[in-house]
file target08.cif (mmCIF, C-alpha atoms)
data_coords
#
loop_
_atom_site.label_atom_id
_atom_site.label_comp_id
_atom_site.auth_asym_id
_atom_site.auth_seq_id
_atom_site.Cartn_x
_atom_site.Cartn_y
_atom_site.Cartn_z
CA MET M 1277 -9.29 4.88 -33.91
CA THR M 1278 -12.05 2.64 -32.53
CA PRO M 1279 -13.69 3.27 -29.12
CA GLU M 1280 -11.86 0.16 -27.87
CA ASP M 1281 -8.52 1.69 -28.93
CA THR M 1282 -9.44 4.95 -27.20
CA LEU M 1283 -10.38 3.04 -24.05
CA ASN M 1284 -7.08 1.13 -24.09
CA ALA M 1285 -5.12 4.37 -24.62
CA PHE M 1286 -7.02 5.93 -21.72
CA PHE M 1287 -6.15 3.00 -19.44
CA ALA M 1288 -2.51 3.10 -20.56
CA SER M 1289 -2.34 6.80 -19.73
CA GLU M 1290 -3.14 6.02 -16.09
CA ASP M 1291 -0.27 3.55 -15.67
CA ALA M 1292 2.53 4.48 -13.31
CA PRO M 1293 6.11 4.29 -14.66
CA ALA M 1294 7.55 0.77 -14.82
CA HIS M 1295 10.57 1.92 -12.81
CA ASP M 1296 10.14 4.64 -10.22
CA VAL M 1297 13.16 5.15 -7.98
CA GLU M 1298 11.44 7.88 -5.97
CA PHE M 1299 8.51 5.62 -5.11
CA SER M 1300 10.81 2.70 -4.19
CA LEU M 1301 12.88 4.98 -1.95
CA ALA M 1302 9.75 6.27 -0.23
CA VAL M 1303 8.72 2.67 0.53
CA THR M 1304 12.24 1.85 1.77
CA GLU M 1305 12.17 4.91 4.04
CA GLY M 1306 8.74 3.91 5.38
CA ILE M 1307 9.98 0.40 6.14
CA ALA M 1308 13.07 1.78 7.91
CA LYS M 1309 10.85 3.98 10.09
CA GLN M 1310 8.53 1.06 10.82
CA ARG M 1311 11.48 -1.12 11.80
CA LEU M 1312 12.86 1.60 14.11
CA TYR M 1313 9.44 2.06 15.70
CA GLN M 1314 9.12 -1.69 16.30
CA THR M 1315 12.61 -1.86 17.82
CA LEU M 1316 11.97 1.09 20.15
CA THR M 1317 8.59 -0.33 21.18
CA ARG M 1318 10.15 -3.69 22.05
CA ARG M 1319 12.95 -2.06 24.05
CA ALA M 1320 10.58 0.27 25.88
CA ALA M 1321 8.40 -2.70 26.83
CA PHE M 1322 11.48 -4.56 28.00
CA ALA M 1323 12.63 -1.57 30.08
CA VAL M 1324 9.19 -1.25 31.69
CA ALA M 1325 9.09 -4.98 32.45
CA LEU M 1326 12.57 -4.82 33.91
CA GLY M 1327 11.57 -1.87 36.11
CA ALA M 1328 8.45 -3.71 37.28
CA VAL M 1329 10.45 -6.81 38.17
CA ALA M 1330 13.00 -4.72 40.04
CA TRP M 1331 10.21 -3.00 41.94
CA ALA M 1332 8.47 -6.32 42.70
CA ILE M 1333 11.53 -8.08 44.08
CA SER M 1334 12.88 -5.12 45.95
CA PRO M 1335 11.21 -6.01 49.31
CA ALA M 1336 12.89 -9.41 49.19
CA LEU M 1337 16.33 -7.96 48.95
CA GLY M 1338 16.84 -7.73 52.72
CA ASN M 1339 18.98 -4.89 53.78
CA LEU M 1340 18.80 -3.28 50.30
CA GLY M 1341 15.02 -3.24 50.42
CA GLY M 1342 14.70 0.17 51.95
CA LEU M 1343 16.87 1.70 49.30
CA LEU M 1344 15.37 -0.10 46.28
CA SER M 1345 11.75 0.56 47.22
CA SER M 1346 12.43 4.27 47.10
CA PRO M 1347 10.77 5.97 44.09
CA ILE M 1348 14.04 7.74 43.36
CA VAL M 1349 15.65 4.37 42.60
CA LEU M 1350 12.91 3.50 40.10
CA ILE M 1351 13.32 6.86 38.40
CA THR M 1352 17.09 6.40 38.34
CA ALA M 1353 16.65 2.97 36.77
CA ILE M 1354 14.40 4.38 34.03
CA VAL M 1355 16.83 7.20 33.33
CA ALA M 1356 19.70 4.73 33.21
CA GLY M 1357 17.70 2.53 30.85
CA ILE M 1358 17.02 5.42 28.51
CA GLY M 1359 20.68 6.35 28.69
CA ALA M 1360 21.68 2.82 27.78
CA LEU M 1361 19.32 2.85 24.81
CA THR M 1362 20.42 6.24 23.50
CA PRO M 1363 23.51 4.98 21.60
CA LYS M 1364 21.34 2.38 19.87
CA ILE M 1365 18.84 5.06 18.88
CA MET M 1366 21.65 7.27 17.62
CA ASP M 1367 22.97 4.36 15.57
CA ARG M 1368 19.66 4.18 13.77
CA ILE M 1369 19.47 7.82 12.73
CA PRO M 1370 22.14 7.59 9.98
CA VAL M 1371 20.23 4.64 8.51
CA LEU M 1372 17.15 6.81 8.17
CA ARG M 1373 19.18 9.66 6.71
CA ALA M 1374 20.84 7.31 4.24
CA THR M 1375 17.49 6.20 2.85
CA ARG M 1376 16.48 9.81 2.27
CA SER M 1377 19.58 10.74 0.33
CA MET H 1011 18.48 -12.77 -5.15
CA SER H 1012 17.82 -12.39 -8.88
CA GLY H 1013 15.30 -9.88 -10.19
CA GLY H 1014 13.90 -12.65 -12.39
CA ALA H 1015 13.08 -14.97 -9.50
CA PRO H 1016 9.42 -15.94 -9.11
CA ASP H 1017 7.30 -14.13 -6.55
CA ALA H 1018 7.11 -17.17 -4.27
CA ALA H 1019 10.91 -17.37 -3.94
CA LEU H 1020 11.17 -13.64 -3.28
CA VAL H 1021 8.39 -13.77 -0.69
CA ARG H 1022 10.11 -16.64 1.14
CA SER H 1023 13.42 -14.71 1.11
CA ALA H 1024 11.68 -11.57 2.36
CA GLN H 1025 9.96 -13.59 5.09
CA GLY H 1026 13.46 -14.72 6.07
CA GLY H 1027 14.51 -11.07 6.46
CA SER H 1028 15.83 -10.15 3.01
CA ASP H 1029 15.18 -6.47 2.33
CA ALA H 1030 16.62 -6.90 -1.17
CA ALA H 1031 14.01 -9.53 -2.03
CA PHE H 1032 11.22 -7.31 -0.77
CA GLY H 1033 12.66 -4.41 -2.78
CA ILE H 1034 12.43 -6.52 -5.94
CA LEU H 1035 8.79 -7.33 -5.13
CA VAL H 1036 8.05 -3.61 -4.71
CA ASN H 1037 9.72 -2.75 -8.02
CA ARG H 1038 7.93 -5.58 -9.78
CA HIS H 1039 4.42 -4.79 -8.54
CA GLN H 1040 4.38 -1.02 -7.98
CA GLN H 1041 3.26 -0.17 -11.51
CA ALA H 1042 0.27 -2.52 -11.49
CA LEU H 1043 -0.77 -1.66 -7.94
CA ARG H 1044 -0.56 2.09 -8.53
CA GLY H 1045 -2.41 1.72 -11.83
CA PHE H 1046 -5.19 -0.21 -10.11
CA LEU H 1047 -5.45 2.38 -7.33
CA ARG H 1048 -5.37 5.33 -9.73
CA ARG H 1049 -8.31 3.83 -11.62
CA VAL H 1050 -10.23 3.04 -8.46
CA CYS H 1051 -9.53 6.26 -6.52
CA ARG H 1052 -9.54 8.66 -9.50
CA ASN H 1053 -6.91 10.67 -7.62
CA TRP H 1054 -3.30 9.88 -8.48
CA ALA H 1055 -1.66 11.43 -5.42
CA MET H 1056 -4.02 9.60 -3.06
CA ALA H 1057 -3.53 6.38 -5.03
CA ASP H 1058 0.26 6.59 -4.77
CA ASP H 1059 0.04 7.32 -1.03
CA ILE H 1060 -2.18 4.27 -0.52
CA ALA H 1061 0.17 2.11 -2.60
CA GLN H 1062 3.10 3.22 -0.45
CA ASP H 1063 1.19 2.46 2.76
CA VAL H 1064 0.14 -0.93 1.40
CA PHE H 1065 3.73 -1.97 0.63
CA ILE H 1066 4.83 -0.91 4.12
CA ALA H 1067 1.90 -2.81 5.68
CA ALA H 1068 2.75 -5.82 3.50
CA TRP H 1069 6.31 -5.77 4.83
CA SER H 1070 4.99 -5.72 8.41
CA LYS H 1071 2.50 -8.54 7.82
CA LEU H 1072 4.52 -10.69 5.43
CA ASP H 1073 4.58 -13.58 7.90
CA GLN H 1074 0.78 -13.76 7.62
CA LEU H 1075 0.92 -14.50 3.88
CA GLN H 1076 0.23 -18.24 3.71
CA ASP H 1077 0.56 -18.69 -0.07
CA PRO H 1078 3.75 -17.01 -1.34
CA ASP H 1079 2.49 -17.35 -4.93
CA ALA H 1080 -0.45 -15.08 -4.09
CA PHE H 1081 1.58 -11.93 -3.31
CA ARG H 1082 -0.03 -9.94 -6.14
CA SER H 1083 -3.58 -10.81 -5.05
CA TRP H 1084 -2.70 -10.23 -1.41
CA ILE H 1085 -1.39 -6.68 -1.83
CA THR H 1086 -4.14 -5.79 -4.30
CA GLY H 1087 -6.76 -7.00 -1.83
CA MET H 1088 -5.19 -4.88 0.91
CA ALA H 1089 -5.10 -1.88 -1.44
CA TRP H 1090 -8.74 -2.41 -2.41
CA ARG H 1091 -9.90 -2.51 1.22
CA ARG H 1092 -7.85 0.59 2.08
CA ALA H 1093 -9.16 2.49 -0.96
CA ALA H 1094 -12.75 1.47 -0.22
CA GLU H 1095 -12.38 2.65 3.36
CA ILE H 1096 -11.02 6.01 2.25
CA GLY H 1097 -13.61 6.24 -0.54
CA ARG H 1098 -16.46 5.80 1.91
CA SER H 1099 -15.19 8.59 4.09
CA ALA H 1100 -14.29 10.91 1.20
CA GLY H 1101 -17.65 10.57 -0.50
CA ARG H 1102 -18.55 10.14 -4.11
CA ARG H 1103 -18.86 13.83 -4.92
CA ARG H 1104 -15.32 14.56 -3.81
CA ALA H 1105 -14.04 11.61 -5.85
CA ARG H 1106 -15.73 12.99 -8.94
CA GLU H 1107 -14.27 16.43 -8.35
CA ALA H 1108 -10.82 14.92 -7.86
CA SER H 1109 -11.25 12.99 -11.09
CA TRP H 1110 -11.98 16.15 -13.05
CA VAL H 1111 -9.07 17.98 -11.46
CA GLU H 1112 -6.76 15.06 -12.27
CA ALA H 1113 -7.95 14.92 -15.87
CA GLN H 1114 -7.37 18.63 -16.31
CA ASP H 1115 -4.00 18.59 -14.56
CA ASN H 1116 -2.68 15.65 -16.56
CA GLY H 1117 -3.97 16.85 -19.93
CA ALA H 1118 -5.13 14.51 -22.68
CA PRO H 1119 -2.85 11.50 -23.20
CA ASP H 1120 -1.46 10.68 -26.64
CA GLY H 1121 -4.03 9.40 -29.06
CA ILE H 1122 -7.07 10.64 -27.12
CA SER H 1123 -8.89 13.91 -27.57
CA ALA H 1124 -9.34 16.10 -24.51
CA GLU H 1125 -13.12 15.56 -24.77
CA ASP H 1126 -12.80 11.77 -24.79
CA ASN H 1127 -10.36 11.89 -21.92
CA MET H 1128 -12.73 13.97 -19.82
CA ALA H 1129 -15.71 11.83 -20.81
CA LEU H 1130 -13.91 8.63 -19.81
CA SER H 1131 -12.63 10.15 -16.54
CA ASP H 1132 -16.17 11.23 -15.69
CA ALA H 1133 -17.63 7.86 -16.70
CA MET H 1134 -15.08 6.02 -14.54
CA ALA H 1135 -15.97 8.26 -11.59
CA GLU H 1136 -19.66 7.53 -12.16
CA LEU H 1137 -19.16 3.75 -11.85
CA THR H 1138 -19.70 2.18 -8.46
CA PRO H 1139 -16.46 1.39 -6.59
CA ASP H 1140 -16.95 -2.35 -7.20
CA GLN H 1141 -17.48 -1.78 -10.93
CA ARG H 1142 -14.39 0.44 -11.09
CA ALA H 1143 -12.30 -2.18 -9.32
CA CYS H 1144 -13.47 -4.93 -11.70
CA VAL H 1145 -12.86 -2.73 -14.74
CA ALA H 1146 -9.42 -1.75 -13.39
CA LEU H 1147 -8.36 -5.35 -12.81
CA CYS H 1148 -9.92 -7.19 -15.74
CA LEU H 1149 -10.21 -4.63 -18.53
CA ALA H 1150 -7.18 -2.45 -17.82
CA GLY H 1151 -5.08 -5.02 -15.97
CA SER H 1152 -5.96 -8.28 -17.80
CA TRP H 1153 -6.63 -10.24 -14.61
CA SER H 1154 -8.74 -13.38 -14.82
CA HIS H 1155 -12.30 -13.09 -13.52
CA GLY H 1156 -11.53 -15.75 -10.91
CA GLU H 1157 -8.50 -13.98 -9.49
CA ALA H 1158 -10.32 -10.64 -9.43
CA ALA H 1159 -13.27 -12.25 -7.64
CA LYS H 1160 -11.01 -13.82 -5.02
CA THR H 1161 -9.05 -10.60 -4.52
CA LEU H 1162 -12.10 -8.35 -4.24
CA GLY H 1163 -14.13 -10.86 -2.22
CA ILE H 1164 -17.11 -10.96 -4.58
CA PRO H 1165 -18.61 -13.80 -6.70
CA VAL H 1166 -17.26 -14.44 -10.21
CA GLY H 1167 -20.70 -13.79 -11.71
CA THR H 1168 -20.78 -10.37 -10.08
CA VAL H 1169 -17.32 -9.58 -11.46
CA LYS H 1170 -18.48 -10.46 -14.99
CA SER H 1171 -21.59 -8.36 -14.57
CA HIS H 1172 -19.60 -5.37 -13.25
CA ILE H 1173 -17.16 -5.60 -16.16
CA ALA H 1174 -19.95 -5.77 -18.73
CA ARG H 1175 -21.79 -2.80 -17.24
CA GLY H 1176 -18.60 -0.82 -16.72
CA ARG H 1177 -17.39 -1.44 -20.24
CA ALA H 1178 -20.78 -0.49 -21.68
CA ARG H 1179 -20.82 2.74 -19.66
CA LEU H 1180 -17.33 3.70 -20.81
CA LEU H 1181 -18.09 2.99 -24.46
CA GLU H 1182 -21.34 4.90 -24.11
CA ALA H 1183 -19.33 7.88 -22.85
CA LEU H 1184 -17.35 7.74 -26.09
CA GLY H 1185 -20.57 7.66 -28.06
CA GLY H 1186 -19.73 4.18 -29.35
CA ASP H 1187 -21.26 0.71 -29.28
CA ASN H 1188 -22.31 -0.03 -25.72
CA ASP H 1189 -23.29 -3.67 -26.23
CA ALA H 1190 -21.64 -5.63 -23.42
#
call {"tool": "encode", "arguments": {"input": "target08.cif", "output": "structure tokens"}}
result
Amino acid sequence: MTPEDTLNAFFASEDAPAHDVEFSLAVTEGIAKQRLYQTLTRRAAFAVALGAVAWAISPALGNLGGLLSSPIVLITAIVAGIGALTPKIMDRIPVLRATRS
Amino acid sequence: MSGGAPDAALVRSAQGGSDAAFGILVNRHQQALRGFLRRVCRNWAMADDIAQDVFIAAWSKLDQLQDPDAFRSWITGMAWRRAAEIGRSAGRRRAREASWVEAQDNGAPDGISAEDNMALSDAMAELTPDQRACVALCLAGSWSHGEAAKTLGIPVGTVKSHIARGRARLLEALGGDNDA
């Protein structure tokens, strides 16, 4: 065996398997998590923007102004927003579990 | 989407939202990318973690890939920058130690004596990161000098020089002819 052959055998020994289901699944799981994170980030930003708009226009809403400018209304709106998002979040959890199985 | 489709077609499909197309790209390139990272990092577990992170980052940034034919170079370039960043923080001594531990854990591969395997592992760890990357791409991976230069962001002449010196150092470790 020449030194070149030994070198080639050494390099070949460091190769990963040509097909590696475990590695592919780990990448798929990572992508699913990334996608969920992006979705939640977008929705959170939307909820915050919606809350800010509601707060900004509340003084212009005449006789409802007193009620809407109350901090309790803002908190209620945020809680309602989270509540509205919860089913969507729950929908995503089986997807994540499916990629792990 | 067929598994035999060219990279460019798969990249365009993946950019259009096809997870299946991206999955084929991962399956097609994981072996080469992990091999490159294992040779550069000298630590298989770390290399596989980086490869996984790189594929996930590639999925996130796929819209930024201007030339769909260049997927292989693109992910390898990302992997190289990530590995270099980690290598700088880990330090050379730790990389050498990891290399020895890996060599001992994995045992000697078929056709190589344990002594040669250890000598080559140590010699690879002794190369500079740039030399290791050039050796990994062009000697172990059969990349062209031009593609390696573009991917690693160094001149072609430097790639050739790194390969010659790296090859000489590895052959020297085997006690053989070290003429580059």
call {"tool": "interface_residues", "arguments": {"input": "target08.cif", "of": "chain H", "to": "chain M", "cutoff": "7 Å", "atoms": "only C-alpha atoms", "output": "mmCIF file with C-alpha atoms, in the frame of the given file"}}
result
data_model
loop_
_atom_site.group_PDB
_atom_site.id
_atom_site.type_symbol
_atom_site.label_atom_id
_atom_site.label_comp_id
_atom_site.auth_asym_id
_atom_site.auth_seq_id
_atom_site.Cartn_x
_atom_site.Cartn_y
_atom_site.Cartn_z
ATOM 1 C CA VAL H 1036 8.050 -3.610 -4.710
ATOM 2 C CA ASN H 1037 9.720 -2.750 -8.020
ATOM 3 C CA GLN H 1041 3.260 -0.170 -11.510
ATOM 4 C CA ARG H 1044 -0.560 2.090 -8.530
ATOM 5 C CA GLY H 1045 -2.410 1.720 -11.830
ATOM 6 C CA ARG H 1048 -5.370 5.330 -9.730
ATOM 7 C CA GLN H 1062 3.100 3.220 -0.450
ATOM 8 C CA PHE H 1065 3.730 -1.970 0.630
ATOM 9 C CA ILE H 1066 4.830 -0.910 4.120
ATOM 10 C CA PRO H 1119 -2.850 11.500 -23.200
ATOM 11 C CA GLY H 1121 -4.030 9.400 -29.060
ATOM 12 C CA ILE H 1122 -7.070 10.640 -27.120
ATOM 13 C CA ASN H 1127 -10.360 11.890 -21.920
ATOM 14 C CA ALA H 1150 -7.180 -2.450 -17.820
ATOM 15 C CA LEU H 1181 -18.090 2.990 -24.460
ATOM 16 C CA LEU H 1184 -17.350 7.740 -26.090
ATOM 17 C CA GLY H 1186 -19.730 4.180 -29.350
#
call {"tool": "closest_residue", "arguments": {"input": "target08.cif", "among": "H:Glu1182, H:Ala1042, H:Ser1070, H:Ala1061", "to": "Asp1132 in chain H", "atoms": "only C-alpha atoms"}}
result
H:Glu1182
call {"tool": "residues_around", "arguments": {"input": "target08.cif", "residues": "Gly1087 in chain H", "least_positions_apart": "6", "cutoff": "12 Å", "atoms": "all atoms listed in the file", "output": "number ranges by chain"}}
result
H: 1043, 1046-1047, 1061, 1064-1065, 1068, 1080-1081, 1093-1094, 1143, 1147, 1157-1164
call {"tool": "resolve_selection", "arguments": {"input": "target08.cif", "expression": "the PyMOL selection byres ((chain M and resi 1358) around 12)", "output": "list in words"}}
result
Leu1316, Arg1319, Ala1320, Ala1321, Phe1322, Ala1323, Val1324, Gly1327, Ile1351, Thr1352, Ala1353, Ile1354, Val1355, Ala1356, Gly1357, Gly1359, Ala1360, Leu1361, Thr1362, Pro1363, Lys1364, Ile1365 and Met1366 of chain M
call {"tool": "write_last_selection", "arguments": {"input": "target08.cif", "atoms": "C-alpha atoms", "output": "PDB file, in the coordinates of the input"}}
result
ATOM      1  CA  LEU M1316      11.970   1.090  20.150  1.00  0.00           C
ATOM      2  CA  ARG M1319      12.950  -2.060  24.050  1.00  0.00           C
ATOM      3  CA  ALA M1320      10.580   0.270  25.880  1.00  0.00           C
ATOM      4  CA  ALA M1321       8.400  -2.700  26.830  1.00  0.00           C
ATOM      5  CA  PHE M1322      11.480  -4.560  28.000  1.00  0.00           C
ATOM      6  CA  ALA M1323      12.630  -1.570  30.080  1.00  0.00           C
ATOM      7  CA  VAL M1324       9.190  -1.250  31.690  1.00  0.00           C
ATOM      8  CA  GLY M1327      11.570  -1.870  36.110  1.00  0.00           C
ATOM      9  CA  ILE M1351      13.320   6.860  38.400  1.00  0.00           C
ATOM     10  CA  THR M1352      17.090   6.400  38.340  1.00  0.00           C
ATOM     11  CA  ALA M1353      16.650   2.970  36.770  1.00  0.00           C
ATOM     12  CA  ILE M1354      14.400   4.380  34.030  1.00  0.00           C
ATOM     13  CA  VAL M1355      16.830   7.200  33.330  1.00  0.00           C
ATOM     14  CA  ALA M1356      19.700   4.730  33.210  1.00  0.00           C
ATOM     15  CA  GLY M1357      17.700   2.530  30.850  1.00  0.00           C
ATOM     16  CA  GLY M1359      20.680   6.350  28.690  1.00  0.00           C
ATOM     17  CA  ALA M1360      21.680   2.820  27.780  1.00  0.00           C
ATOM     18  CA  LEU M1361      19.320   2.850  24.810  1.00  0.00           C
ATOM     19  CA  THR M1362      20.420   6.240  23.500  1.00  0.00           C
ATOM     20  CA  PRO M1363      23.510   4.980  21.600  1.00  0.00           C
ATOM     21  CA  LYS M1364      21.340   2.380  19.870  1.00  0.00           C
ATOM     22  CA  ILE M1365      18.840   5.060  18.880  1.00  0.00           C
ATOM     23  CA  MET M1366      21.650   7.270  17.620  1.00  0.00           C
TER      24      MET M1366
END
call {"tool": "residues_around", "arguments": {"input": "target08.cif", "residues": "range 1018-1028 of chain H", "least_positions_apart": "3", "cutoff": "10 Å", "atoms": "all atoms listed in the file", "output": "number ranges by chain"}}
result
H: 1011-1015, 1031-1035, 1069-1075, 1077-1081
call {"tool": "atom_distance", "arguments": {"input": "target08.cif", "atom1": "CA of Ser1171 in chain H", "atom2": "CA of Trp1090 in chain H"}}
result
18.7 Å
call {"tool": "atom_distance", "arguments": {"input": "target08.cif", "atom1": "CA of Pro1016 in chain H", "atom2": "CA of Arg1082 in chain H"}}
result
11.6 Å
call {"tool": "decode", "arguments": {"input": "target08.cif", "residues": "range 1137-1169 of chain H", "atoms": "N, CA and C atoms", "output": "mmCIF file, in the first residue's frame"}}
result
data_model
loop_
_atom_site.group_PDB
_atom_site.id
_atom_site.type_symbol
_atom_site.label_atom_id
_atom_site.label_comp_id
_atom_site.auth_asym_id
_atom_site.auth_seq_id
_atom_site.Cartn_x
_atom_site.Cartn_y
_atom_site.Cartn_z
ATOM 1 N N LEU H 1137 -2.096 21.238 10.554
ATOM 2 C CA LEU H 1137 -2.223 22.172 9.428
ATOM 3 C C LEU H 1137 -2.985 23.413 9.879
ATOM 4 N N THR H 1138 -2.763 24.518 9.179
ATOM 5 C CA THR H 1138 -3.559 25.706 9.488
ATOM 6 C C THR H 1138 -4.991 25.446 9.011
ATOM 7 N N PRO H 1139 -5.971 26.161 9.562
ATOM 8 C CA PRO H 1139 -7.356 25.935 9.130
ATOM 9 C C PRO H 1139 -7.540 26.095 7.619
ATOM 10 N N ASP H 1140 -6.879 27.087 7.026
ATOM 11 C CA ASP H 1140 -6.998 27.285 5.577
ATOM 12 C C ASP H 1140 -6.434 26.092 4.812
ATOM 13 N N GLN H 1141 -5.280 25.591 5.268
ATOM 14 C CA GLN H 1141 -4.673 24.425 4.612
ATOM 15 C C GLN H 1141 -5.600 23.217 4.722
ATOM 16 N N ARG H 1142 -6.160 23.033 5.938
ATOM 17 C CA ARG H 1142 -7.068 21.888 6.140
ATOM 18 C C ARG H 1142 -8.270 21.981 5.208
ATOM 19 N N ALA H 1143 -8.806 23.199 5.086
ATOM 20 C CA ALA H 1143 -9.992 23.368 4.236
ATOM 21 C C ALA H 1143 -9.658 23.056 2.785
ATOM 22 N N CYS H 1144 -8.503 23.515 2.322
ATOM 23 C CA CYS H 1144 -8.095 23.253 0.925
ATOM 24 C C CYS H 1144 -7.851 21.764 0.701
ATOM 25 N N VAL H 1145 -7.178 21.130 1.659
ATOM 26 C CA VAL H 1145 -6.935 19.687 1.563
ATOM 27 C C VAL H 1145 -8.273 18.936 1.567
ATOM 28 N N ALA H 1146 -9.175 19.357 2.452
ATOM 29 C CA ALA H 1146 -10.476 18.673 2.564
ATOM 30 C C ALA H 1146 -11.271 18.783 1.267
ATOM 31 N N LEU H 1147 -11.240 19.956 0.642
ATOM 32 C CA LEU H 1147 -12.037 20.138 -0.574
ATOM 33 C C LEU H 1147 -11.364 19.511 -1.796
ATOM 34 N N CYS H 1148 -10.083 19.780 -1.981
ATOM 35 C CA CYS H 1148 -9.438 19.413 -3.251
ATOM 36 C C CYS H 1148 -8.751 18.047 -3.233
ATOM 37 N N LEU H 1149 -8.216 17.644 -2.099
ATOM 38 C CA LEU H 1149 -7.581 16.319 -2.063
ATOM 39 C C LEU H 1149 -8.601 15.241 -1.694
ATOM 40 N N ALA H 1150 -9.376 15.496 -0.641
ATOM 41 C CA ALA H 1150 -10.346 14.494 -0.202
ATOM 42 C C ALA H 1150 -11.644 14.597 -0.994
ATOM 43 N N GLY H 1151 -12.018 15.807 -1.398
ATOM 44 C CA GLY H 1151 -13.319 16.003 -2.026
ATOM 45 C C GLY H 1151 -13.293 16.207 -3.530
ATOM 46 N N SER H 1152 -12.112 16.262 -4.138
ATOM 47 C CA SER H 1152 -11.988 16.397 -5.596
ATOM 48 C C SER H 1152 -12.628 17.655 -6.171
ATOM 49 N N TRP H 1153 -12.643 18.728 -5.413
ATOM 50 C CA TRP H 1153 -13.141 20.005 -5.949
ATOM 51 C C TRP H 1153 -12.064 20.606 -6.850
ATOM 52 N N SER H 1154 -12.489 21.455 -7.784
ATOM 53 C CA SER H 1154 -11.507 22.182 -8.592
ATOM 54 C C SER H 1154 -10.889 23.280 -7.725
ATOM 55 N N HIS H 1155 -9.680 23.689 -8.093
ATOM 56 C CA HIS H 1155 -9.021 24.756 -7.331
ATOM 57 C C HIS H 1155 -9.848 26.043 -7.388
ATOM 58 N N GLY H 1156 -10.426 26.305 -8.558
ATOM 59 C CA GLY H 1156 -11.210 27.529 -8.737
ATOM 60 C C GLY H 1156 -12.436 27.564 -7.839
ATOM 61 N N GLU H 1157 -13.150 26.447 -7.779
ATOM 62 C CA GLU H 1157 -14.362 26.416 -6.952
ATOM 63 C C GLU H 1157 -14.007 26.522 -5.474
ATOM 64 N N ALA H 1158 -12.924 25.847 -5.092
ATOM 65 C CA ALA H 1158 -12.482 25.921 -3.689
ATOM 66 C C ALA H 1158 -12.092 27.357 -3.340
ATOM 67 N N ALA H 1159 -11.380 28.019 -4.260
ATOM 68 C CA ALA H 1159 -10.947 29.395 -4.007
ATOM 69 C C ALA H 1159 -12.153 30.318 -3.821
ATOM 70 N N LYS H 1160 -13.133 30.152 -4.703
ATOM 71 C CA LYS H 1160 -14.336 30.990 -4.625
ATOM 72 C C LYS H 1160 -15.101 30.723 -3.322
ATOM 73 N N THR H 1161 -15.205 29.457 -2.972
ATOM 74 C CA THR H 1161 -15.963 29.079 -1.773
ATOM 75 C C THR H 1161 -15.291 29.570 -0.492
ATOM 76 N N LEU H 1162 -13.967 29.431 -0.446
ATOM 77 C CA LEU H 1162 -13.233 29.794 0.771
ATOM 78 C C LEU H 1162 -12.855 31.277 0.799
ATOM 79 N N GLY H 1163 -13.008 31.955 -0.334
ATOM 80 C CA GLY H 1163 -12.694 33.386 -0.394
ATOM 81 C C GLY H 1163 -11.209 33.669 -0.361
ATOM 82 N N ILE H 1164 -10.418 32.801 -0.998
ATOM 83 C CA ILE H 1164 -8.962 33.029 -1.076
ATOM 84 C C ILE H 1164 -8.519 32.845 -2.535
ATOM 85 N N PRO H 1165 -7.362 33.430 -2.915
ATOM 86 C CA PRO H 1165 -6.911 33.316 -4.313
ATOM 87 C C PRO H 1165 -6.587 31.870 -4.714
ATOM 88 N N VAL H 1166 -6.713 31.594 -6.011
ATOM 89 C CA VAL H 1166 -6.441 30.240 -6.522
ATOM 90 C C VAL H 1166 -4.998 29.819 -6.227
ATOM 91 N N GLY H 1167 -4.076 30.764 -6.378
ATOM 92 C CA GLY H 1167 -2.666 30.454 -6.110
ATOM 93 C C GLY H 1167 -2.458 30.022 -4.668
ATOM 94 N N THR H 1168 -3.162 30.650 -3.774
ATOM 95 C CA THR H 1168 -3.049 30.294 -2.348
ATOM 96 C C THR H 1168 -3.623 28.900 -2.108
ATOM 97 N N VAL H 1169 -4.717 28.595 -2.797
ATOM 98 C CA VAL H 1169 -5.309 27.250 -2.660
ATOM 99 C C VAL H 1169 -4.299 26.198 -3.091
#
